[in-house]
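Right, one structure below, let's go through it.
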Amino acid sequence: MTLRLAIAALVLTALWRPRLRGDRATLGIAAAAGTLLAVHHLAYYEAVARLPLGAATTLEFLGPFAIALCGSRRAPDLLWAALAATGVLLLSHSGTALDATGIACAALAGCCWGGYILVGKRLAERVPDGRGLALAVTWGALLSLPYGVTQAGARLLDPDTLAVAGAVAVLSSVLPYTFQLEALRRLTPRVFGILTSLEPAIGALIGLLLLGQHLAAPQWAGVAAVALASVGATRTEEAEERAGKARAADDRAEAARDG
């Protein structure tokens, strides 16, 4: 985790050359985003060390899903929230036993990821390019350094480890975080949260196919329930947007007739 963030910070800093001098509000937002990233990474890696990948990713996804439904009182959204909660219960209390510490770490990772969506949106709005992201990831790397040194020590400098960490940093940090920040610049946190709906199912499939991690049938049903709830929330959001546009068009047409 430490090498992933550290190498990503070096790459982003080289690309964007952010300045430490700037308004305090922007620096504070970047620090908050970096803190959430560091804690998210730590919690998620601790979760996947104790849980099947599909279970950890499903629990982590509840953070973005909560952002997607936050503040909504529409009946369909409440239905999707209930379905997601049912999926979590199926995942946590049936089939293969899940480690309690792993569940707590995955839940913490979800909270941090949801918080990052909100803070990242503010960062994207204040900084028009990747400088804010570079500052955030650099701060996150600094925060994670004590943990990495304690866990791995001199192994962090092993050439093979550095090579693998470099690839992971570019593919799972530099590119995704850059694209995500661009998406947050154009989307609301609610829509962004919904668009991550396939993560639980993808995590479960990768765990099965590449890591040989098996979930019991009720737990697969739980993963499917969370993914279905996310897709349903997406469809509801799209339907509401179409209905809103149609109402606006009708209002304009009526105003034109009256005029």
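Every chain in the structure tokens takes a letter, A first, then B, and so on in the order presented; its residues are numbered from 1, and the ligands are numbered from 1 following the presented order.
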
Residues within 9 Å of Tyr44 of chain A, only C-alpha atoms, excluding chain neighbours under 5 positions, as a PyMOL selection string: chain A and resi 39+49+56-57+60+102+105-110

Shell of 6 Å around segment 131-144 of chain A, only C-alpha atoms, local chain residues under 5 positions omitted, as a list in words: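 Within the cut-off, the hits are Thr2, Leu5, Ala6, Ala9, Leu12, Thr13, Trp16, Pro18, Ala30, Ala31, Ala33, Gly34, Thr35 and Ala38 of chain A.
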
Nearby residues (only C-alpha atoms) at most 6 Å from segment 174-184 of chain A, same-chain spacing under 3 positions excluded, as an MDAnalysis selection string: chainID A and resid 8 121 170:171 187

Create the file for the chosen residues now, containing N, CA and C atoms and written as a PDB file, in the first residue's frame.
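Output (out-v2.pdb):
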```pdb
ATOM      1  N   ALA A   8       2.808   6.434  -6.932  1.00  0.00           N
ATOM      2  CA  ALA A   8       1.770   7.234  -7.581  1.00  0.00           C
ATOM      3  C   ALA A   8       1.990   8.721  -7.314  1.00  0.00           C
ATOM      4  N   LYS A 121     -14.958  15.671  -5.000  1.00  0.00           N
ATOM      5  CA  LYS A 121     -15.779  16.561  -5.811  1.00  0.00           C
ATOM      6  C   LYS A 121     -15.404  18.014  -5.549  1.00  0.00           C
ATOM      7  N   VAL A 170       0.645   2.678 -11.136  1.00  0.00           N
ATOM      8  CA  VAL A 170       0.158   3.326 -12.358  1.00  0.00           C
ATOM      9  C   VAL A 170      -1.230   2.822 -12.730  1.00  0.00           C
ATOM     10  N   LEU A 171      -1.422   1.497 -12.658  1.00  0.00           N
ATOM     11  CA  LEU A 171      -2.669   0.908 -13.134  1.00  0.00           C
ATOM     12  C   LEU A 171      -3.821   1.048 -12.148  1.00  0.00           C
ATOM     13  N   LEU A 187     -19.668  15.094 -12.866  1.00  0.00           N
ATOM     14  CA  LEU A 187     -20.845  14.407 -12.343  1.00  0.00           C
ATOM     15  C   LEU A 187     -21.117  14.816 -10.903  1.00  0.00           C
TER      16      LEU A 187
END
```

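You can rank A:Leu3, A:Val119, A:Cys111, A:Ala32 by their closest distance to Gly166 of chain A using only C-alpha atoms, and at the top of that list sits A:Leu3.
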
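Using only C-alpha atoms, the smallest distance between any of A:Val127, A:Ile67, A:Val48, A:Ala227 and Thr86 of chain A comes from A:Ala227.
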
Alpha helix (DSSP H) residues, from DSSP on the backbone, in segment 1-109 of chain A, as a ChimeraX atom specification: /A:2-16,24-48,53-69,75-93,100-109

Two-atom distance - atom CA of Arg235 of chain A, atom CA of Leu118 of chain A (Å): 22.0 Å

For Leu215 of chain A, the nearest of the candidates A:Val164, A:Leu51, A:Val88, A:Ala124, counting only C-alpha atoms: A:Leu51

Which residue of A:Gln219, A:Thr58, A:Thr26, A:Ser230 approaches Phe192 of chain A most closely, using only C-alpha atoms: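 Ranked by minimum distance to Phe192 of chain A, first place goes to A:Ser230.
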
Residue among A:Gly130, A:Ser172, A:Ile29, A:Gly153 lying closest to Ala14 of chain A, counting only C-alpha atoms: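 Answer, going by the shortest atom-to-atom distance: A:Gly130.
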